[in-house]
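Novice: Here it is: the structure, laid out below.
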Amino acid sequence: MHYEKFNNLPSLLDSAYFYLEGFPEETYLPYWIYYYYLKKDYFKVTELAGKNKGDTITDAAMHYQIGQSYQNTGVLLKAIEEYRLAVKYMPFNLDYLNKLGSAYLTDNSQDKAKAVFEKMLELNPERTDALNNLGFTYLLDQDIARAEKYFREALGYDPKYLNANLNLVKIYLIKNDIFKAQQLISMLESWYPGNADVGKLKAMMK
């Protein structure tokens with residue numbers, strides 16, 4: 001945890017490996033998975049994940065790291081399985097819920113994604129990523145009014161929230177309100193100079 005938050009020097013991982021080396025992977029699986037996860041060796045993480053036979057380990061963080069590793073290596077369904085386990089063992093962790101909901105969105109499982117984001121908002125009605133993501137599920141359903149409602153709610157808590165602003169630009173474009181879309185794009189360019197997503201939306205209006 002110290003490595004992730006404060007000081008990500010490679011020497012710290014070298015020290016961790018020195019201490020882990022004497023411990024079998026299968027017996028100390030969460031520690032080894034965390035080590036390889038920090039090293040961004042996601043294929044090794046997924047290889048080790050196969051040693052957790054029968055879901056015997058209830059470490060939510062380990063399942064999250066395995067899920068992220070599967071997603072990073074393009075195995076989305078396995079990632080969803082692991083995110084579900086992370087949520088099972090830590091049901092009130094909003095970051096784990098958001099990752100699960102986002103994975104459902106990637107899998108085009110909008111109804112499942114909605115249920116997860118709604119659960120997040122039950123736990124924290126001011127969670128901007130949940131509001132934005134829930135709005136995006138409605139945008140995919142072409143329920144423009146409801147989508148816009150959630151994007152604006154997210155922006156009510158964080159007016160500079162990039163993703164919600166980008167989604168609001170899309171709403172304006174769908175409504176053919178080019179003037180408001182251009183106004184918002186100009187504002188986003190001043191807040192996020194050189195941002196690729198802002199540039200893509202601006203290009204769409206030419």
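Each chain of the structure tokens is named A, B, ... in the order shown, its residues numbered from 1; ligands are numbered from 1 in display order.
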Taking 6 positions as the minimum chain separation for residues in the same chain, which residues sit within 10 Å of Thr128 (chain A) when counting only C-alpha atoms? Answer as a list in words.
Specialist: Leu121, Leu134, Tyr150, Phe151, Arg152, Glu153, Ala154, Leu155, Gly156, Tyr157, Asp158, Tyr161, Asn163 and Ala164 of chain A
Novice: Give me the residues within 10 Å of Met187 (chain A) as a short mmCIF file (atom, residue, chain, number, x, y, z; two decimals) with all heavy atoms, in the first residue's frame, counting only C-alpha atoms and dropping any in the same chain fewer than 6 places off.
Specialist:
data_model
loop_
_atom_site.label_atom_id
_atom_site.label_comp_id
_atom_site.auth_asym_id
_atom_site.auth_seq_id
_atom_site.Cartn_x
_atom_site.Cartn_y
_atom_site.Cartn_z
N LYS A 160 -16.30 20.63 -12.72
CA LYS A 160 -15.21 20.39 -13.66
C LYS A 160 -14.98 18.90 -13.92
O LYS A 160 -13.96 18.53 -14.52
CB LYS A 160 -13.92 21.03 -13.16
CG LYS A 160 -13.94 22.55 -13.19
CD LYS A 160 -12.57 23.13 -12.86
CE LYS A 160 -12.57 24.65 -12.97
NZ LYS A 160 -11.23 25.22 -12.71
N ASN A 165 -18.88 16.18 -18.11
CA ASN A 165 -18.94 17.28 -19.09
C ASN A 165 -18.88 16.76 -20.51
O ASN A 165 -19.60 17.24 -21.39
CB ASN A 165 -17.79 18.26 -18.83
CG ASN A 165 -18.13 19.31 -17.78
OD1 ASN A 165 -19.06 20.09 -17.95
ND2 ASN A 165 -17.39 19.31 -16.69
N ALA A 181 -22.86 23.06 -27.25
CA ALA A 181 -21.77 22.09 -27.34
C ALA A 181 -20.44 22.81 -27.53
O ALA A 181 -19.44 22.48 -26.86
CB ALA A 181 -22.02 21.11 -28.48
N PRO A 193 -6.28 21.55 -21.17
CA PRO A 193 -5.59 21.80 -22.44
C PRO A 193 -4.90 20.55 -22.97
O PRO A 193 -4.23 19.83 -22.22
CB PRO A 193 -4.58 22.89 -22.09
CG PRO A 193 -4.46 22.88 -20.60
CD PRO A 193 -5.77 22.38 -20.07
#
Novice: Per DSSP on the backbone, what are the helix (DSSP H, G or I) residues of chain A, as a PyMOL selection string?
Specialist: chain A and resi 2-5+10-20+29-38+42-49+60-72+76-89+94-106+110-123+128-140+144-157+162-174+178-191+196-204
Novice: Write the selection just made, keeping C-alpha atoms, as a compact mmCIF listing (two decimals), in the first residue's frame?
Specialist:
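The resulting selection.txt:
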# COMPACT_ATOMS: atom_id res chain seq x y z
CA HIS A 2 2.88 2.36 0.83
CA TYR A 3 4.36 1.63 -2.61
CA GLU A 4 1.13 2.58 -4.41
CA LYS A 5 0.37 5.74 -2.45
CA PRO A 10 11.47 -0.25 -7.87
CA SER A 11 13.81 -0.99 -4.97
CA LEU A 12 10.79 -1.39 -2.69
CA LEU A 13 9.45 -4.17 -4.90
CA ASP A 14 12.91 -5.76 -4.95
CA SER A 15 12.83 -5.76 -1.15
CA ALA A 16 9.34 -7.27 -1.16
CA TYR A 17 10.53 -10.05 -3.46
CA PHE A 18 13.48 -10.74 -1.17
CA TYR A 19 11.10 -11.40 1.74
CA LEU A 20 8.51 -13.28 -0.32
CA LEU A 29 -1.26 -16.30 -2.79
CA PRO A 30 -2.69 -12.82 -1.95
CA TYR A 31 0.82 -11.51 -1.21
CA TRP A 32 2.29 -12.89 -4.42
CA ILE A 33 -0.62 -11.60 -6.46
CA TYR A 34 -0.22 -8.15 -4.92
CA TYR A 35 3.49 -8.23 -5.71
CA TYR A 36 2.98 -9.09 -9.37
CA TYR A 37 0.07 -6.65 -9.61
CA LEU A 38 2.33 -3.83 -8.45
CA TYR A 42 -0.80 -8.96 -15.24
CA PHE A 43 -0.30 -12.25 -17.08
CA LYS A 44 1.54 -13.62 -14.05
CA VAL A 45 -1.32 -12.48 -11.80
CA THR A 46 -3.85 -14.34 -13.93
CA GLU A 47 -1.60 -17.41 -13.97
CA LEU A 48 -1.48 -17.39 -10.18
CA ALA A 49 -5.24 -16.83 -10.03
CA ALA A 60 -11.50 -8.76 -1.55
CA ALA A 61 -8.41 -6.80 -2.59
CA MET A 62 -6.87 -9.91 -4.12
CA HIS A 63 -9.99 -10.57 -6.19
CA TYR A 64 -10.03 -6.93 -7.32
CA GLN A 65 -6.38 -7.15 -8.41
CA ILE A 66 -7.05 -10.39 -10.28
CA GLY A 67 -10.08 -8.80 -11.93
CA GLN A 68 -8.11 -5.77 -13.03
CA SER A 69 -5.37 -8.04 -14.36
CA TYR A 70 -7.86 -10.09 -16.39
CA GLN A 71 -9.35 -6.88 -17.76
CA ASN A 72 -5.91 -5.52 -18.64
CA LEU A 76 -13.48 -9.42 -19.56
CA LEU A 77 -15.77 -12.23 -18.35
CA LYS A 78 -13.10 -13.51 -15.96
CA ALA A 79 -12.57 -9.95 -14.78
CA ILE A 80 -16.28 -9.62 -14.00
CA GLU A 81 -16.21 -12.88 -12.01
CA GLU A 82 -13.37 -11.53 -9.88
CA TYR A 83 -14.95 -8.10 -9.39
CA ARG A 84 -18.12 -9.87 -8.25
CA LEU A 85 -16.07 -11.74 -5.65
CA ALA A 86 -14.40 -8.53 -4.52
CA VAL A 87 -17.86 -7.00 -3.99
CA LYS A 88 -19.10 -10.18 -2.31
CA TYR A 89 -16.39 -9.97 0.33
CA LEU A 94 -17.63 1.87 -3.69
CA ASP A 95 -14.49 1.56 -5.81
CA TYR A 96 -15.04 -2.17 -6.23
CA LEU A 97 -18.69 -1.60 -7.07
CA ASN A 98 -17.77 1.04 -9.63
CA LYS A 99 -15.26 -1.27 -11.27
CA LEU A 100 -17.86 -4.04 -11.48
CA GLY A 101 -20.48 -1.70 -12.93
CA SER A 102 -18.02 -0.32 -15.47
CA ALA A 103 -17.04 -3.85 -16.52
CA TYR A 104 -20.72 -4.67 -17.03
CA LEU A 105 -20.97 -1.59 -19.24
CA THR A 106 -18.01 -2.74 -21.29
CA GLN A 110 -26.57 -2.29 -19.14
CA ASP A 111 -29.24 -3.59 -16.78
CA LYS A 112 -26.62 -5.18 -14.53
CA ALA A 113 -24.54 -2.01 -14.68
CA LYS A 114 -27.54 0.11 -13.69
CA ALA A 115 -28.22 -2.07 -10.66
CA VAL A 116 -24.62 -1.65 -9.48
CA PHE A 117 -24.53 2.11 -9.97
CA GLU A 118 -27.89 2.48 -8.24
CA LYS A 119 -26.49 0.48 -5.32
CA MET A 120 -23.54 2.88 -5.18
CA LEU A 121 -25.90 5.84 -5.01
CA GLU A 122 -27.86 4.21 -2.20
CA LEU A 123 -24.61 4.09 -0.27
CA THR A 128 -20.11 11.56 -9.01
CA ASP A 129 -18.70 8.58 -10.92
CA ALA A 130 -21.84 6.57 -10.12
CA LEU A 131 -24.07 9.43 -11.26
CA ASN A 132 -22.11 9.84 -14.48
CA ASN A 133 -21.97 6.12 -15.22
CA LEU A 134 -25.65 5.65 -14.48
CA GLY A 135 -26.36 8.52 -16.85
CA PHE A 136 -24.24 6.82 -19.49
CA THR A 137 -26.30 3.63 -19.23
CA TYR A 138 -29.39 5.70 -20.02
CA LEU A 139 -27.56 7.41 -22.87
CA LEU A 140 -26.89 3.98 -24.35
CA ILE A 144 -31.71 11.29 -23.30
CA ALA A 145 -33.69 13.15 -20.64
CA ARG A 146 -32.75 10.76 -17.86
CA ALA A 147 -29.13 10.59 -19.02
CA GLU A 148 -28.84 14.38 -18.94
CA LYS A 149 -30.40 14.47 -15.48
CA TYR A 150 -27.68 12.27 -14.02
CA PHE A 151 -24.85 14.08 -15.83
CA ARG A 152 -26.09 17.38 -14.42
CA GLU A 153 -26.39 15.91 -10.94
CA ALA A 154 -22.76 14.79 -11.13
CA LEU A 155 -21.72 18.25 -12.31
CA GLY A 156 -23.68 19.80 -9.46
CA TYR A 157 -21.20 18.17 -7.08
CA LEU A 162 -14.38 15.80 -17.16
CA ASN A 163 -16.35 12.66 -18.03
CA ALA A 164 -19.71 14.14 -17.07
CA ASN A 165 -18.94 17.28 -19.09
CA LEU A 166 -17.94 15.20 -22.11
CA ASN A 167 -21.18 13.28 -21.83
CA LEU A 168 -23.12 16.53 -21.59
CA VAL A 169 -21.47 17.65 -24.84
CA LYS A 170 -22.77 14.44 -26.42
CA ILE A 171 -26.25 15.28 -25.18
CA TYR A 172 -26.04 18.71 -26.82
CA LEU A 173 -24.88 17.13 -30.07
CA ILE A 174 -27.77 14.65 -30.01
CA ILE A 178 -24.25 23.07 -31.53
CA PHE A 179 -23.90 26.45 -29.81
CA LYS A 180 -24.03 24.97 -26.29
CA ALA A 181 -21.77 22.09 -27.34
CA GLN A 182 -19.16 24.55 -28.66
CA GLN A 183 -19.41 26.68 -25.53
CA LEU A 184 -18.81 23.69 -23.29
CA ILE A 185 -15.97 22.37 -25.45
CA SER A 186 -14.25 25.78 -25.25
CA MET A 187 -14.55 25.71 -21.48
CA LEU A 188 -13.17 22.17 -21.31
CA GLU A 189 -10.22 23.19 -23.51
CA SER A 190 -9.34 25.88 -20.98
CA TRP A 191 -9.65 23.45 -18.07
CA ALA A 196 -7.46 13.90 -26.35
CA ASP A 197 -11.13 13.21 -25.53
CA VAL A 198 -11.98 16.90 -25.70
CA GLY A 199 -10.16 17.09 -29.03
CA LYS A 200 -12.13 14.16 -30.45
CA LEU A 201 -15.47 15.74 -29.55
CA LYS A 202 -14.37 19.07 -31.00
CA ALA A 203 -13.43 17.31 -34.25
CA MET A 204 -16.90 15.75 -34.42
Novice: Do you have the CA of Asn176 (chain A)-CA of Ser109 (chain A) distance handy?
Specialist: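 We find that CA of Asn176 (chain A) and CA of Ser109 (chain A) lie 28.2 Å from each other.
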